[in-house]
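**Student:** Questions regarding the structure given below will be posed in turn.
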Amino acid sequence: MDFHIERAKVLPKSNLAKFLEGLKNLSTLIAPVKKGDKFIFSEIEKVSDVAVNYTRTILPPKKFLVPYRRERFSYSTDTLQFNKEFKVRDQIIFGVHSCDLHGISILDSVYLKENPDPRYLEIRKRTVLIGISCMPDEFCFCLSTGTAFPDGANWDLFLTDIGADYFVTIGSPKGDEIVLKLRKLFKDIEKKDLYLYKESTSKKKKAFKLEKLPDLERISQLIELEYDSEVWKEGSERCLGCGTCTNVCPTCFCYTSVDVPTLDGKKVKRIEFTTSCQYPYYSLVAGGHYFKPDRASRFKHRYYHKFVGYPYQIEKLGCVGCGRCSAECPAGISIVETINRLRGIDEKELREATEQASSR
Amino acid sequence: MKKSLEKLLNKPLPVDPFMPQRAVITDIEELAPDHKKFSFAFCDESVNDSWNHIPGQFVMLTVPGAGEIPISICSSPTRKGTVELTVRKVGRKTEVLHRLKPGDYVAIRGPYGNGFPVGIMEGHNVLIIAGGLGIAPLRSLIWYILDRRHRFKEVYILYGTRSYEYVLYKEELKRLRERNDLKCLYTLDKFETEEDRRWADRKGLLTELIPMVELEPSETFVAVCGPPVAYRFIGKELLKHGYPESQIFVSLERKMECGIGKCGHCQIGYKFACIDGPVFPLWDTKNLPEMI
Ligand SMILES: Cc1cc2nc3c(=O)[nH]c(=O)nc-3n(C[C@H](O)[C@H](O)[C@H](O)COP(=O)(O)OP(=O)(O)OC[C@H]3O[C@@H](n4cnc5c(N)ncnc54)[C@H](O)[C@@H]3O)c2cc1C
Ligand code: SF4
Ligand code: SF4
Ligand code: FES
């Protein structure tokens with residue numbers, strides 16, 4: 001046998017159930033399932049529950065890497081000896097869209113670049129990410145954020161829909177091992193598969209309504225220059241300050257840490273909770289001084305952090321264009337609309353853009 | 001897979017940066033109402049020996065059963081063997097801390113933050129401006145400079161607080177005034193008691209001391225720490241007198257949960273106060289909206 005490491009394989013769609021069954025036998029399987037008329041990532045009991053054709057889940061798969069409530073340490077008040085409290089398990093997250101893979105890569109940078117967090121690293125090392133291709137709906141704008149395709153993100157396998165089959169690209173040794181273990185389910189790639197795979201790129205691109213996409217060129221400078229814009233005030237007048245936009249975001253990472261003693265006060269747990277910059281107490285410091293006193297400044301801060309903060313902190317935009325914040329906002333605030341208003345795109349420009357797009 | 005990111009995952013598990021070191025309170029000094037200075041020694045001798053920090057850096061202090069708080073180190077790295085923190089009682093965690101006694105355990109991690117740029121300050125005049133509790137991180141800088149006095153040119157200390165009762169490190173500051181290798185100017189908001197009058201050079205705001213400083217601004221580095229409301233006025237006055245905005249360093253306070261760039265709370269504009277600060281050149285107000 002020739003020595004050969006494969007880069008890609010083909011998985012016939014008829015083998016998908018077996019593939020999922022195979023994954024489930026390997027470790028805990030997490031995948032999107034239908035809940036009401038929405039989708040959520042959930043631990044899988046029956047592989048027939050897995051929904052492969054979904055647009056977006058309410059919450060990103062982030063909740064399996066950084067749970068919304070997580071324990072860090074426990075200690076006793078007598079000895080002040082700290083013990084690690086986090087338990088890590090093997091898990092496979094299947095069916096992650098490109099934007100969410102990029103979201104996880106952003107979290108990788110946040111948690112691992114400087115002062116790496118061992119808890120996150122351990123969870124991440126024991127997580128397999130299997131992506132799947134998708135088609136955009138009216139909230140998606142990943143083409144603007146450069147995250148419509150999985151290139152540049154950290155993942156193990158990626159399934160691209162090419163009609164009767166999935167074209168499976170292998171992104172890591174962990175991904176390769178899975179293919180090897182379940183090799184009976186896969187076929188070798190043929191020329192036509194590669195052709196279809198390449199074609200899928202332009203197919204996805206064409207599914208976007210170009211005139212609806214925000215222009216994110218020079219967005220950092222734009223936001224800095226428009227720091228005092230009326231757009232922030234207008235947006236914040238509709239904003240309820242509920243924090244939904246940050247809670248559903250695949251890249252938001254802010255948390256609060258509290259020490260919770262047991263009833264007798266002898267044993268203490270240090271617990272971290274996901275928080276939101278949209279909450280008033282987020283920036284409260286001693287003396288009751290709020291650094292972000294009004295809703296407008298908090299409303300603005302989210303955009304500022306996504307488009308000015310992240311580029312400085314981790315050299316990437318903090319938004320992957322998943323559209324969750326717009327889709328879930330109870331006040332109907334759209335991130336794309338805010339950006340467009342900031343850019344000063346009025347009706348006339350929108351019309352021109354439409355004409356240009358249709359003549360292309 | 002992007003190779004630079006792949007590297008992040010292939011690292012071995014690091015030493016836990018969240019894991020604090022156990023320390024014992026060796027001494028507590030009541031400085032003023034609600035202000036106490038705590039001295040600590042780490043239980044692990046090797047941590048004690050290797051401890052080093054830059055003036056202006058802070059630690060995350062675990063108050064047993066209550067939680068972690070960021071506190072500036074008020075002792076100088078030139079004086080080894082103990083770490084000192086001055087804490088004002090303002091809320092739940094600091095209140096629990098104030099109830100502790102010598103011999104009690106706490107836990108500490110750090111030092112964190114950038115601290116004052118002591119390296120580039122060398123060879124220049126130094127103007128130290130402290131308001132209220134802001135004297136705590138600056139005490140570290142003061143002793144650092146005085147222990148290496150020959151490396152710096154002229155040194156000024158301006159310090160303002162409410163009244164004599166609230167003056168911190170009273171004995172030390174008194175002795176500093178008697179030294180002839182630096183100039184001290186103290187002010188108080190109130191002039192009510194005999195002690196107030198005896199202590200202060202002036203009644204009024206800290207900013208009013210700035211015109212009394214006889215230093216060549218371009219040759220001077222300024223270190224400022226005070227209550228949030230003071231920075232704008234002090235900054236303005238300093239600029240008016242010609243101190244370059246890149247040579248004025250302010251130490252800022254923000255809500256902090258982690259101290260290492262993970263929790264997001266301390267963001268000032270696009271920077272993290274905990275890792276990019278807490279010391280910022282005044283110049284950064286251009287980049288960082290809402291900095292002061
Ligand atoms: C880099 C840095 C260095 C620092 N150095 C020092 C130092 O050297 N010494 C020092 O004493 N402190 C220092 N601090 C400040 C110190 O960290 C805080 O005082 C401390 O965290 C307060 O904790 P607490 O639990 O006692 O107060 P908290 O209970 O958290 O409350 C803080 C204040 O906020 C008010 N407050 C709380 N909740 C509310 C609410 N819902 N609405 C209105 N007001 C509210 C309280 O009345 C209180 O005044 C520093 C902070 C930073 C960031
Ligand atoms: S900001 Fe909104 S669109 Fe962007 S990644 Fe977060 S939730 Fe998705
Ligand atoms: S500051 Fe706000 S927008 Fe930025 S990561 Fe934190 S919660 Fe998300
Ligand atoms: S204190 Fe957590 S990010 Fe700065």
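Please note that chains go A, B, ... in the order of the structure tokens, that every chain numbers its residues from 1, and that ligands are numbered from 1 in the order shown.
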Give me, as an NGL selection string, the residues of chain B touching chain A, with the criterion being at most 8 Å (counting only C-alpha atoms).
**Tutor:** :B and (1-2 or 5-6 or 8-9 or 13-20 or 22 or 64-68 or 90-91 or 105-107 or 253-255 or 257-258 or 260-266 or 269-271 or 290)
**Student:** So which residues are near ligand 1, meaning at most 9 Å away with only C-alpha atoms and all ligand atoms counted, given back as a ChimeraX atom specification?
**Tutor:** /A:280-281,284-290 /B:35-36,56-61,66-74,85-97,112-113,133-137,251-257,259,266,273-274,277-279
**Student:** Using only C-alpha atoms and all ligand atoms, find each residue with an atom at most 9 Å away from ligand 2 and format the answer as a CSV table (one decimal) with N, CA and C atoms, in the first residue's frame.
**Tutor:**
```csv
chain,number,residue,atom,x,y,z
A,60,PRO,N,-25.2,29.9,19.9
A,60,PRO,CA,-24.1,29.2,19.2
A,60,PRO,C,-23.5,28.0,19.9
A,99,CYS,N,-19.7,30.3,10.0
A,99,CYS,CA,-19.6,31.5,10.8
A,99,CYS,C,-19.3,31.1,12.3
A,100,ASP,N,-19.9,30.0,12.7
A,100,ASP,CA,-19.7,29.5,14.1
A,100,ASP,C,-18.3,28.9,14.3
A,103,GLY,N,-16.3,31.8,14.7
A,103,GLY,CA,-16.6,32.3,16.1
A,103,GLY,C,-15.8,31.6,17.1
A,139,PHE,N,-30.9,37.4,7.4
A,139,PHE,CA,-30.2,38.0,8.5
A,139,PHE,C,-28.7,37.7,8.3
A,140,CYS,N,-28.3,36.8,7.5
A,140,CYS,CA,-26.8,36.4,7.4
A,140,CYS,C,-26.1,37.4,6.6
A,141,PHE,N,-24.9,37.8,7.0
A,141,PHE,CA,-24.0,38.6,6.2
A,141,PHE,C,-22.5,38.2,6.3
A,142,CYS,N,-22.3,36.9,6.5
A,142,CYS,CA,-21.0,36.4,6.6
A,142,CYS,C,-20.1,36.6,5.4
A,145,THR,N,-18.2,39.7,6.4
A,145,THR,CA,-17.2,39.5,7.5
A,145,THR,C,-16.1,38.5,7.1
A,245,CYS,N,-28.5,40.3,22.5
A,245,CYS,CA,-27.5,40.4,21.4
A,245,CYS,C,-26.2,39.8,21.8
A,246,THR,N,-25.7,40.0,23.0
A,246,THR,CA,-24.4,39.5,23.4
A,246,THR,C,-24.5,38.0,23.8
A,247,ASN,N,-25.7,37.7,24.4
A,247,ASN,CA,-25.9,36.3,24.9
A,247,ASN,C,-25.9,35.3,23.7
A,248,VAL,N,-26.5,35.7,22.6
A,248,VAL,CA,-26.6,34.8,21.4
A,248,VAL,C,-25.3,34.9,20.5
A,249,CYS,N,-24.4,35.8,20.8
A,249,CYS,CA,-23.3,36.0,19.9
A,249,CYS,C,-22.2,34.9,20.1
A,250,PRO,N,-21.7,34.4,19.0
A,250,PRO,CA,-20.7,33.3,19.0
A,250,PRO,C,-19.3,33.8,19.5
A,251,THR,N,-19.1,35.2,19.5
A,251,THR,CA,-17.8,35.7,19.8
A,251,THR,C,-17.7,36.4,21.2
A,252,CYS,N,-18.9,36.7,21.8
A,252,CYS,CA,-18.9,37.5,23.0
A,252,CYS,C,-18.3,36.6,24.1
A,302,ARG,N,-20.9,47.9,22.1
A,302,ARG,CA,-20.9,46.6,21.5
A,302,ARG,C,-20.4,46.7,20.1
A,303,TYR,N,-20.8,47.7,19.4
A,303,TYR,CA,-20.3,47.9,18.0
A,303,TYR,C,-18.8,48.2,18.0
A,306,LYS,N,-16.8,45.1,18.8
A,306,LYS,CA,-16.8,44.1,17.7
A,306,LYS,C,-15.9,44.6,16.6
A,318,GLY,N,-14.7,41.2,15.4
A,318,GLY,CA,-15.4,40.4,16.5
A,318,GLY,C,-16.8,40.0,16.0
A,319,CYS,N,-17.1,40.1,14.8
A,319,CYS,CA,-18.4,39.7,14.3
A,319,CYS,C,-18.2,38.7,13.1
A,320,VAL,N,-18.9,37.6,13.1
A,320,VAL,CA,-18.8,36.7,12.0
A,320,VAL,C,-20.0,36.6,11.1
A,321,GLY,N,-20.9,37.6,11.3
A,321,GLY,CA,-22.0,37.8,10.4
A,321,GLY,C,-23.1,36.7,10.5
A,322,CYS,N,-23.3,36.1,11.7
A,322,CYS,CA,-24.2,35.0,11.8
A,322,CYS,C,-25.7,35.5,11.9
A,323,GLY,N,-25.8,36.8,12.2
A,323,GLY,CA,-27.2,37.4,12.2
A,323,GLY,C,-28.0,37.1,13.4
A,324,ARG,N,-27.4,36.4,14.4
A,324,ARG,CA,-28.3,36.0,15.5
A,324,ARG,C,-28.8,37.2,16.3
A,325,CYS,N,-27.9,38.2,16.5
A,325,CYS,CA,-28.3,39.4,17.3
A,325,CYS,C,-29.4,40.1,16.7
A,326,SER,N,-29.5,40.1,15.3
A,326,SER,CA,-30.6,40.8,14.7
A,326,SER,C,-31.8,39.9,14.7
A,327,ALA,N,-31.6,38.6,14.5
A,327,ALA,CA,-32.8,37.7,14.4
A,327,ALA,C,-33.5,37.6,15.8
A,328,GLU,N,-32.7,37.7,16.9
A,328,GLU,CA,-33.3,37.5,18.2
A,328,GLU,C,-33.6,38.7,19.0
A,334,SER,N,-31.3,45.8,14.0
A,334,SER,CA,-30.5,45.0,13.1
A,334,SER,C,-29.1,45.6,13.1
A,335,ILE,N,-28.1,44.7,13.2
A,335,ILE,CA,-26.7,45.2,13.2
A,335,ILE,C,-26.4,45.7,11.8
A,336,VAL,N,-26.9,45.1,10.8
A,336,VAL,CA,-26.6,45.5,9.4
A,336,VAL,C,-27.2,46.9,9.2
```
**Student:** Which of these residues is nearest to ligand 3, using only C-alpha atoms and all ligand atoms: B:Ile268, B:Val213, B:Val222, B:Leu141?
**Tutor:** B:Ile268
**Student:** Have a look at B:Val155, B:Leu146, B:Ala230, B:Leu127 and name the one nearest to Tyr243 of chain B; count only C-alpha atoms.
**Tutor:**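 Nearest to Tyr243 of chain B: B:Leu127.
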**Student:** Just checking: using only C-alpha atoms and all ligand atoms, which residue out of B:Phe272, B:Phe280, B:Tyr144, B:Phe233 ends up closest to ligand 3?
**Tutor:**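 When distances to ligand 3 are compared using only C-alpha atoms and all ligand atoms, the smallest one comes from B:Phe272.
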**Student:** List every residue of segment 89-281 of chain A that DSSP, applied to the backbone of this structure, places in alpha helix (DSSP H), and write the result as JSON, numbers by chain.
**Tutor:** {"A": [98, 99, 100, 101, 102, 103, 104, 105, 106, 107, 108, 109, 110, 111, 112, 118, 119, 120, 121, 122, 123, 124, 125, 142, 143, 144, 145, 173, 174, 175, 176, 177, 178, 179, 180, 181, 191, 192, 193, 194, 195, 196, 197, 198, 199, 200, 201, 202, 203, 204, 205, 206, 219, 220, 221, 222, 223, 224, 225, 230, 231, 232, 233, 234, 235, 236, 237, 238, 244, 245, 246, 247]}
**Student:** Could you work out how far atom CA of Leu31 of chain B lies from atom CA of Leu168 of chain B, giving the answer in Å with one decimal?
**Tutor:**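 It comes out at 5.5 Å.
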**Student:** Which residue gives the smallest distance to His124 of chain B among B:Ile157, B:Ile28, B:Ile145, B:Leu176, with only C-alpha atoms counted?
**Tutor:**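 Using only C-alpha atoms, the shortest distance to His124 of chain B belongs to B:Ile145.
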**Student:** Please report the interatomic distance between atom CA of Arg198 of chain B and atom CA of Ser163 of chain B in Å with one decimal.
**Tutor:**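 Calculated distance between atom CA of Arg198 of chain B and atom CA of Ser163 of chain B is 11.2 Å.
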**Student:** Which neighbours of Phe299 of chain A fall inside 7 Å, counting only C-alpha atoms, when residues of the same chain fewer than 6 positions from it are skipped, and could you give them as a PyMOL selection string?
**Tutor:** chain A and resi 232+236+278
